[in-house]
$ cat entry-v1.pdb   # PDB, C-alpha atoms
ATOM      1  CA  MET A1048      65.289 -19.613 136.512
ATOM      2  CA  VAL A1049      62.054 -18.037 137.483
ATOM      3  CA  GLU A1050      59.139 -19.301 135.499
ATOM      4  CA  LYS A1051      56.756 -16.610 134.495
ATOM      5  CA  LYS A1052      53.208 -17.685 135.047
ATOM      6  CA  LYS A1053      51.089 -17.025 132.008
ATOM      7  CA  GLU A1054      48.212 -14.845 133.004
ATOM      8  CA  GLU A1055      44.991 -15.318 131.135
ATOM      9  CA  LYS A1056      43.627 -12.027 129.902
ATOM     10  CA  LEU A1057      40.156 -11.765 131.294
ATOM     11  CA  VAL A1058      37.819 -10.307 128.737
ATOM     12  CA  CYS A1059      34.172 -11.045 128.092
ATOM     13  CA  VAL A1060      33.885 -13.476 125.178
ATOM     14  CA  ASP A1061      30.876 -11.562 123.832
ATOM     15  CA  CYS A1062      31.458  -7.840 124.378
ATOM     16  CA  GLY A1063      35.217  -7.774 124.985
ATOM     17  CA  ARG A1064      34.915  -5.937 128.295
ATOM     18  CA  ILE A1065      37.896  -6.341 130.644
ATOM     19  CA  LEU A1066      36.922  -8.387 133.692
ATOM     20  CA  LYS A1067      38.410  -8.339 137.172
ATOM     21  CA  PRO A1068      39.426 -11.752 138.604
ATOM     22  CA  GLU A1069      38.165 -10.814 142.080
ATOM     23  CA  GLU A1070      34.691 -10.121 140.699
ATOM     24  CA  GLU A1071      34.117 -13.678 139.426
ATOM     25  CA  GLY A1072      30.616 -14.759 140.339
ATOM     26  CA  TYR A1073      29.542 -11.187 140.970
ATOM     27  CA  THR A1074      29.942  -9.335 137.677
ATOM     28  CA  TRP A1075      31.049 -12.191 135.455
ATOM     29  CA  GLY A1076      31.261 -15.966 135.334
ATOM     30  CA  ARG A1077      32.430 -18.744 133.055
ATOM     31  CA  CYS A1078      30.201 -20.266 130.410
ATOM     32  CA  GLN A1079      29.435 -23.739 131.737
ATOM     33  CA  PHE A1080      29.928 -25.270 128.261
ATOM     34  CA  CYS A1081      33.020 -23.599 126.764
ATOM     35  CA  GLN A1082      34.450 -22.255 130.084
ATOM     36  CA  LYS A1083      35.130 -18.853 128.538
ATOM     37  CA  PRO A1084      34.577 -15.766 130.710
ATOM     38  CA  VAL A1085      31.358 -13.881 130.074
ATOM     39  CA  CYS A1086      30.077 -10.752 131.798
ATOM     40  CA  PHE A1087      26.640 -10.915 133.433
ATOM     41  CA  GLU A1088      25.205  -8.406 130.950
ATOM     42  CA  ASP A1089      25.824 -10.942 128.163
ATOM     43  CA  THR A1090      25.097 -14.105 130.132
ATOM     44  CA  HIS A1091      22.195 -16.303 129.106
ATOM     45  CA  TYR A1092      20.676 -18.955 131.319
ATOM     46  CA  ARG A1093      19.269 -22.287 130.294
ATOM     47  CA  ALA A1094      17.560 -24.963 132.355
ATOM     48  CA  VAL A1095      19.250 -28.338 131.819
ATOM     49  CA  TYR A1096      18.582 -31.785 133.244
ATOM     50  CA  LYS A1097      21.214 -33.069 135.668
ATOM     51  CA  LYS A1098      21.782 -36.319 137.483
ATOM     52  CA  GLY A1099      22.845 -36.344 141.106
ATOM     53  CA  LEU A1100      23.553 -39.042 143.668
ATOM     54  CA  TYR A1101      20.544 -38.010 145.705
ATOM     55  CA  LEU A1102      18.184 -36.801 142.987
ATOM     56  CA  ASP A1103      18.161 -38.900 139.809
ATOM     57  CA  ASN A1104      16.840 -36.187 137.597
ATOM     58  CA  TYR A1105      16.664 -32.504 138.332
ATOM     59  CA  VAL A1106      16.887 -29.284 136.401
ATOM     60  CA  GLU A1107      19.543 -26.691 137.021
ATOM     61  CA  ALA A1108      19.920 -23.196 135.620
ATOM     62  CA  ILE A1109      23.309 -22.971 133.918
ATOM     63  CA  ARG A1110      25.287 -19.987 132.681
ATOM     64  CA  LEU A1111      26.040 -19.739 128.951
ATOM     65  CA  CYS A1112      27.761 -17.339 126.582
ATOM     66  CA  LYS A1113      25.889 -16.040 123.531
ATOM     67  CA  LYS A1114      27.463 -18.601 121.152
ATOM     68  CA  CYS A1115      26.768 -21.675 123.309
ATOM     69  CA  TYR A1116      23.240 -20.431 124.015
ATOM     70  CA  ALA A1117      22.524 -20.045 120.310
ATOM     71  CA  GLU A1118      23.999 -23.474 119.531
ATOM     72  CA  ARG A1119      21.756 -25.156 122.095
ATOM     73  CA  ARG A1120      18.486 -23.463 121.199
TER      74      ARG A1120
ATOM     75  CA  MET B 650      33.428  -2.550 148.228
ATOM     76  CA  GLU B 651      36.784  -0.822 148.640
ATOM     77  CA  ASP B 652      38.548   1.053 145.827
ATOM     78  CA  GLY B 653      36.284  -0.680 143.349
ATOM     79  CA  LYS B 654      37.347  -4.093 144.634
ATOM     80  CA  ILE B 655      34.687  -6.464 145.858
ATOM     81  CA  LEU B 656      35.905  -8.179 148.994
ATOM     82  CA  SER B 657      33.020 -10.579 149.401
ATOM     83  CA  TYR B 658      29.530 -10.798 148.067
ATOM     84  CA  PRO B 659      26.396 -12.360 149.472
ATOM     85  CA  THR B 660      25.319 -15.670 148.031
ATOM     86  CA  VAL B 661      22.047 -17.560 147.845
ATOM     87  CA  LYS B 662      23.166 -19.573 150.887
ATOM     88  CA  ASP B 663      23.103 -16.370 152.982
ATOM     89  CA  ALA B 664      19.588 -15.385 151.961
ATOM     90  CA  MET B 665      17.641 -18.584 151.211
ATOM     91  CA  SER B 666      14.862 -19.987 153.387
ATOM     92  CA  LYS B 667      16.182 -23.156 154.977
ATOM     93  CA  ASN B 668      12.856 -24.508 156.195
ATOM     94  CA  VAL B 669      11.291 -25.838 153.043
ATOM     95  CA  VAL B 670       7.611 -26.699 153.380
ATOM     96  CA  THR B 671       6.783 -29.873 151.479
ATOM     97  CA  VAL B 672       3.737 -32.000 150.725
ATOM     98  CA  ASP B 673       3.611 -35.559 149.488
ATOM     99  CA  ALA B 674       2.695 -36.071 145.822
ATOM    100  CA  ASP B 675      -0.356 -38.102 146.886
ATOM    101  CA  SER B 676      -1.764 -35.256 148.999
ATOM    102  CA  THR B 677      -4.852 -33.451 147.796
ATOM    103  CA  VAL B 678      -4.807 -29.889 146.569
ATOM    104  CA  GLU B 679      -6.979 -29.042 149.596
ATOM    105  CA  THR B 680      -4.166 -30.201 151.939
ATOM    106  CA  ALA B 681      -1.589 -28.181 150.010
ATOM    107  CA  CYS B 682      -3.805 -25.076 150.130
ATOM    108  CA  ARG B 683      -4.410 -25.504 153.862
ATOM    109  CA  ILE B 684      -0.659 -25.739 154.521
ATOM    110  CA  MET B 685       0.025 -22.683 152.347
ATOM    111  CA  GLY B 686      -2.622 -20.743 154.259
ATOM    112  CA  GLU B 687      -1.426 -21.816 157.694
ATOM    113  CA  LYS B 688       2.236 -21.117 156.948
ATOM    114  CA  ARG B 689       1.430 -17.949 154.987
ATOM    115  CA  ILE B 690       3.492 -19.041 151.982
ATOM    116  CA  GLY B 691       2.852 -18.940 148.258
ATOM    117  CA  SER B 692       4.095 -22.396 147.323
ATOM    118  CA  VAL B 693       4.937 -25.853 148.583
ATOM    119  CA  ILE B 694       7.518 -28.279 147.258
ATOM    120  CA  VAL B 695       5.952 -31.580 146.185
ATOM    121  CA  THR B 696       7.917 -34.676 147.165
ATOM    122  CA  LYS B 697       7.733 -38.346 146.250
ATOM    123  CA  GLU B 698       9.482 -40.814 148.562
ATOM    124  CA  GLY B 699      11.121 -37.784 150.195
ATOM    125  CA  LYS B 700      12.574 -36.437 146.956
ATOM    126  CA  PRO B 701      11.397 -33.137 145.415
ATOM    127  CA  ILE B 702       9.596 -33.615 142.093
ATOM    128  CA  GLY B 703       7.749 -30.338 141.590
ATOM    129  CA  ILE B 704       6.280 -27.211 143.127
ATOM    130  CA  PHE B 705       2.664 -26.263 143.731
ATOM    131  CA  THR B 706       2.174 -22.499 143.629
ATOM    132  CA  GLU B 707      -0.613 -19.935 143.905
ATOM    133  CA  ARG B 708      -0.431 -19.588 140.128
ATOM    134  CA  ASP B 709      -1.151 -23.323 139.709
ATOM    135  CA  LEU B 710      -4.138 -22.905 141.994
ATOM    136  CA  LEU B 711      -5.496 -20.022 139.928
ATOM    137  CA  SER B 712      -4.758 -21.249 136.427
ATOM    138  CA  LYS B 713      -5.203 -25.008 136.775
ATOM    139  CA  ILE B 714      -7.727 -25.437 139.583
ATOM    140  CA  ILE B 715     -10.004 -22.407 140.006
ATOM    141  CA  LEU B 716     -10.245 -21.592 136.311
ATOM    142  CA  ARG B 717     -11.266 -25.169 135.478
ATOM    143  CA  ASN B 718     -13.579 -25.620 138.476
ATOM    144  CA  VAL B 719     -11.619 -28.622 139.763
ATOM    145  CA  ASP B 720     -12.741 -30.098 143.097
ATOM    146  CA  ILE B 721      -9.764 -29.527 145.393
ATOM    147  CA  ARG B 722     -10.871 -32.328 147.775
ATOM    148  CA  ASP B 723     -10.312 -34.995 145.101
ATOM    149  CA  ALA B 724      -7.508 -33.470 143.030
ATOM    150  CA  LYS B 725      -4.042 -34.837 143.705
ATOM    151  CA  VAL B 726      -1.377 -32.153 144.006
ATOM    152  CA  GLU B 727       0.951 -34.134 141.702
ATOM    153  CA  GLU B 728      -1.438 -33.657 138.769
ATOM    154  CA  PHE B 729      -1.492 -29.864 139.068
ATOM    155  CA  MET B 730       2.020 -28.975 140.251
ATOM    156  CA  SER B 731       4.614 -27.185 138.117
ATOM    157  CA  LYS B 732       7.562 -29.249 136.999
ATOM    158  CA  PRO B 733      10.440 -29.633 136.562
ATOM    159  CA  LEU B 734      11.976 -27.677 139.419
ATOM    160  CA  ILE B 735      14.595 -25.217 138.234
ATOM    161  CA  THR B 736      17.327 -25.313 140.846
ATOM    162  CA  ILE B 737      20.444 -23.340 141.694
ATOM    163  CA  LYS B 738      23.562 -23.972 143.734
ATOM    164  CA  PRO B 739      24.001 -22.365 147.210
ATOM    165  CA  GLU B 740      27.213 -20.574 146.177
ATOM    166  CA  THR B 741      25.442 -18.614 143.401
ATOM    167  CA  SER B 742      25.658 -14.864 144.042
ATOM    168  CA  LEU B 743      22.434 -12.968 144.757
ATOM    169  CA  ARG B 744      23.057 -10.868 141.687
ATOM    170  CA  GLU B 745      23.198 -13.956 139.479
ATOM    171  CA  ALA B 746      20.161 -15.524 141.181
ATOM    172  CA  ALA B 747      18.169 -12.383 140.387
ATOM    173  CA  ARG B 748      19.232 -12.605 136.749
ATOM    174  CA  ILE B 749      18.252 -16.293 136.583
ATOM    175  CA  MET B 750      14.804 -15.463 137.986
ATOM    176  CA  ALA B 751      14.309 -12.706 135.432
ATOM    177  CA  GLN B 752      15.542 -14.670 132.424
ATOM    178  CA  LEU B 753      13.789 -17.943 133.184
ATOM    179  CA  HIS B 754      10.600 -16.223 134.428
ATOM    180  CA  VAL B 755      10.516 -17.952 137.816
ATOM    181  CA  ARG B 756      10.076 -16.507 141.287
ATOM    182  CA  ARG B 757      11.172 -19.541 143.262
ATOM    183  CA  LEU B 758      14.429 -21.446 142.953
ATOM    184  CA  PRO B 759      14.995 -24.555 145.063
ATOM    185  CA  VAL B 760      18.608 -24.681 146.251
ATOM    186  CA  VAL B 761      20.373 -28.037 145.830
ATOM    187  CA  ASP B 762      23.910 -29.235 146.479
ATOM    188  CA  VAL B 763      26.091 -31.092 143.942
ATOM    189  CA  GLU B 764      24.385 -34.379 144.771
ATOM    190  CA  GLY B 765      20.970 -32.884 144.206
ATOM    191  CA  ARG B 766      20.030 -32.716 147.892
ATOM    192  CA  LEU B 767      17.457 -30.018 148.679
ATOM    193  CA  LEU B 768      19.019 -27.416 151.013
ATOM    194  CA  GLY B 769      16.470 -24.630 150.877
ATOM    195  CA  ILE B 770      14.455 -22.391 148.631
ATOM    196  CA  PHE B 771      15.328 -18.967 147.307
ATOM    197  CA  THR B 772      12.330 -16.812 146.438
ATOM    198  CA  SER B 773      11.755 -13.282 145.207
ATOM    199  CA  ALA B 774      10.753 -12.424 148.798
ATOM    200  CA  ASP B 775      14.179 -13.613 150.004
ATOM    201  CA  LEU B 776      15.757 -11.427 147.335
ATOM    202  CA  SER B 777      13.816  -8.391 148.584
ATOM    203  CA  SER B 778      14.909  -9.113 152.176
ATOM    204  CA  ALA B 779      18.509  -9.488 151.033
ATOM    205  CA  LEU B 780      18.339  -6.175 149.182
ATOM    206  CA  ALA B 781      17.332  -4.500 152.418
ATOM    207  CA  LYS B 782      20.097  -6.265 154.347
ATOM    208  CA  TYR B 783      23.075  -6.181 151.996
ATOM    209  CA  THR B 784      24.518  -3.432 149.853
ATOM    210  CA  LEU B 785      24.209  -4.815 146.370
ATOM    211  CA  THR B 786      25.278  -3.138 143.170
ATOM    212  CA  PHE B 787      23.085  -4.290 140.314
TER     213      PHE B 787
END

$ encode --input "entry-v1.pdb" --output "C-alpha cells"
Amino acid sequence: MVEKKKEEKLVCVDCGRILKPEEEGYTWGRCQFCQKPVCFEDTHYRAVYKKGLYLDNYVEAIRLCKKCYAERR
Amino acid sequence: MEDGKILSYPTVKDAMSKNVVTVDADSTVETACRIMGEKRIGSVIVTKEGKPIGIFTERDLLSKIILRNVDIRDAKVEEFMSKPLITIKPETSLREAARIMAQLHVRRLPVVDVEGRLLGIFTSADLSSALAKYTLTF
C-alpha cells in the first residue's frame, strides 16, 4: 500500500496568498512563534533577546506574522 | 530565475563584510573616531572581553558627542555607543535583510551564528553592492 504523503497547502496566514515551497526565505518565511507561513509583504520583524553559547545576551531580528506581532506588542 | 522558479538566492553570507572593525569598550571616543577615519568606515563594533556589546556610529558621534560638546579625549566609547546590537543569521536572504533594515530602522546588522559568534557585519553599503552584483527581484 502506497502511503500518500499529506501535502501542506502553503498559503500566507495573513493575506491568503498561495506560496511556492521553493521560494521559502525569498518571498515568504515561517513566523518564528507559530511556525505558520507568512509572505514577506505581511511579515513583521521584532528584535528579541537571545542566549547563545558564545554570547550570553544578544538581540536578534525575528520574523512574525501579524497576529503574533500584535500579541507581543 | 527560470520559468518563475527561483533556483537559488543570495544570502547575507554572500554579501556581508567579514572583516569587522572593533574597539574595546574602554577605548576613548577619540580612538574610535581615529579608527573610523583611517578605515573609512561609518561605525565600529564595541567589544568587552572580546565579545560584541554595542556599536559606535557616526550618528552617535553627532547626536551624543558633538551636540553635547563632550570631550572626545576623555569620553569612553561604551558610554556613547548604541545598544543592543540587532543581529541576523548568515543564511537570511538579502531581500529579507533589506526588509529588516527598513522595519527596524537600522543600517547595520551584525551577523552571528547560532551560538552568537560574530561572523561579519551587513550594512546598507553591502546591500547596495549586492544589488549591483546580483539580480534581485524586490

$ residues_around --input "entry-v1.pdb" --residues "Cys1059 in chain A" --least-positions-apart "3" --cutoff "6 Å" --atoms "only C-alpha atoms" --output "MDAnalysis selection string"
chainID A and resid 1062:1064 1084:1086

$ residues_near_point --input "entry-v1.pdb" --point "(30.0, -25.9, 127.0)" --cutoff "9 Å" --atoms "all atoms listed in the file" --output "list of chain:residue names"
A:Cys1078, A:Gln1079, A:Phe1080, A:Cys1081, A:Gln1082, A:Lys1083, A:Leu1111, A:Cys1112, A:Cys1115

$ resolve_selection --input "entry-v1.pdb" --expression "the PyMOL selection byres ((chain B and resi 692) around 12)" --output "CSV table (one decimal) with C-alpha atoms, in the coordinates of the input"
chain,number,residue,atom,x,y,z
B,669,VAL,CA,11.3,-25.8,153.0
B,670,VAL,CA,7.6,-26.7,153.4
B,671,THR,CA,6.8,-29.9,151.5
B,672,VAL,CA,3.7,-32.0,150.7
B,678,VAL,CA,-4.8,-29.9,146.6
B,681,ALA,CA,-1.6,-28.2,150.0
B,682,CYS,CA,-3.8,-25.1,150.1
B,683,ARG,CA,-4.4,-25.5,153.9
B,684,ILE,CA,-0.7,-25.7,154.5
B,685,MET,CA,0.0,-22.7,152.3
B,686,GLY,CA,-2.6,-20.7,154.3
B,687,GLU,CA,-1.4,-21.8,157.7
B,688,LYS,CA,2.2,-21.1,156.9
B,689,ARG,CA,1.4,-17.9,155.0
B,690,ILE,CA,3.5,-19.0,152.0
B,691,GLY,CA,2.9,-18.9,148.3
B,693,VAL,CA,4.9,-25.9,148.6
B,694,ILE,CA,7.5,-28.3,147.3
B,695,VAL,CA,6.0,-31.6,146.2
B,703,GLY,CA,7.7,-30.3,141.6
B,704,ILE,CA,6.3,-27.2,143.1
B,705,PHE,CA,2.7,-26.3,143.7
B,706,THR,CA,2.2,-22.5,143.6
B,707,GLU,CA,-0.6,-19.9,143.9
B,708,ARG,CA,-0.4,-19.6,140.1
B,709,ASP,CA,-1.2,-23.3,139.7
B,710,LEU,CA,-4.1,-22.9,142.0
B,726,VAL,CA,-1.4,-32.2,144.0
B,730,MET,CA,2.0,-29.0,140.3
B,731,SER,CA,4.6,-27.2,138.1
B,756,ARG,CA,10.1,-16.5,141.3
B,757,ARG,CA,11.2,-19.5,143.3
B,758,LEU,CA,14.4,-21.4,143.0
B,759,PRO,CA,15.0,-24.6,145.1
B,770,ILE,CA,14.5,-22.4,148.6
B,771,PHE,CA,15.3,-19.0,147.3
B,772,THR,CA,12.3,-16.8,146.4

$ closest_residue --input "entry-v1.pdb" --among "B:Ile714, B:Leu780, B:Leu767, B:Leu743" --to "Phe729 in chain B" --atoms "all atoms listed in the file"
B:Ile714

$ atom_distance --input "entry-v1.pdb" --atom1 "CA of Tyr1101 in chain A" --atom2 "CA of Pro659 in chain B"
26.6 Å

$ resolve_selection --input "entry-v1.pdb" --expression "the ChimeraX specification (/B :<12) & /A" --output "ChimeraX atom specification"
/A:1066-1076,1086-1111

$ write_last_selection --input "entry-v1.pdb" --atoms "C-alpha atoms" --output "compact mmCIF listing (two decimals), in the coordinates of the input"
# COMPACT_ATOMS: atom_id res chain seq x y z
CA LEU A 1066 36.92 -8.39 133.69
CA LYS A 1067 38.41 -8.34 137.17
CA PRO A 1068 39.43 -11.75 138.60
CA GLU A 1069 38.16 -10.81 142.08
CA GLU A 1070 34.69 -10.12 140.70
CA GLU A 1071 34.12 -13.68 139.43
CA GLY A 1072 30.62 -14.76 140.34
CA TYR A 1073 29.54 -11.19 140.97
CA THR A 1074 29.94 -9.34 137.68
CA TRP A 1075 31.05 -12.19 135.46
CA GLY A 1076 31.26 -15.97 135.33
CA CYS A 1086 30.08 -10.75 131.80
CA PHE A 1087 26.64 -10.92 133.43
CA GLU A 1088 25.20 -8.41 130.95
CA ASP A 1089 25.82 -10.94 128.16
CA THR A 1090 25.10 -14.10 130.13
CA HIS A 1091 22.20 -16.30 129.11
CA TYR A 1092 20.68 -18.95 131.32
CA ARG A 1093 19.27 -22.29 130.29
CA ALA A 1094 17.56 -24.96 132.35
CA VAL A 1095 19.25 -28.34 131.82
CA TYR A 1096 18.58 -31.78 133.24
CA LYS A 1097 21.21 -33.07 135.67
CA LYS A 1098 21.78 -36.32 137.48
CA GLY A 1099 22.84 -36.34 141.11
CA LEU A 1100 23.55 -39.04 143.67
CA TYR A 1101 20.54 -38.01 145.71
CA LEU A 1102 18.18 -36.80 142.99
CA ASP A 1103 18.16 -38.90 139.81
CA ASN A 1104 16.84 -36.19 137.60
CA TYR A 1105 16.66 -32.50 138.33
CA VAL A 1106 16.89 -29.28 136.40
CA GLU A 1107 19.54 -26.69 137.02
CA ALA A 1108 19.92 -23.20 135.62
CA ILE A 1109 23.31 -22.97 133.92
CA ARG A 1110 25.29 -19.99 132.68
CA LEU A 1111 26.04 -19.74 128.95

$ residues_around --input "entry-v1.pdb" --residues "Ala781 in chain B" --least-positions-apart "6" --cutoff "12 Å" --atoms "only C-alpha atoms" --output "PyMOL selection string"
chain B and resi 664+774-775

$ atom_distance --input "entry-v1.pdb" --atom1 "CA of Arg1119 in chain A" --atom2 "CA of Pro739 in chain B"
25.4 Å

$ atom_distance --input "entry-v1.pdb" --atom1 "CA of Val755 in chain B" --atom2 "CA of Met665 in chain B"
15.2 Å

$ resolve_selection --input "entry-v1.pdb" --expression "the PyMOL selection byres ((chain B and resi 724) around 9)" --output "JSON list (two decimals) with C-alpha atoms, in the frame of the given file"
[["chain", "number", "residue", "atom", "x", "y", "z"],
["B", 676, "SER", "CA", -1.76, -35.26, 149.00],
["B", 677, "THR", "CA", -4.85, -33.45, 147.80],
["B", 678, "VAL", "CA", -4.81, -29.89, 146.57],
["B", 679, "GLU", "CA", -6.98, -29.04, 149.60],
["B", 714, "ILE", "CA", -7.73, -25.44, 139.58],
["B", 719, "VAL", "CA", -11.62, -28.62, 139.76],
["B", 720, "ASP", "CA", -12.74, -30.10, 143.10],
["B", 721, "ILE", "CA", -9.76, -29.53, 145.39],
["B", 722, "ARG", "CA", -10.87, -32.33, 147.78],
["B", 723, "ASP", "CA", -10.31, -34.99, 145.10],
["B", 725, "LYS", "CA", -4.04, -34.84, 143.71],
["B", 726, "VAL", "CA", -1.38, -32.15, 144.01],
["B", 727, "GLU", "CA", 0.95, -34.13, 141.70],
["B", 728, "GLU", "CA", -1.44, -33.66, 138.77],
["B", 729, "PHE", "CA", -1.49, -29.86, 139.07]]
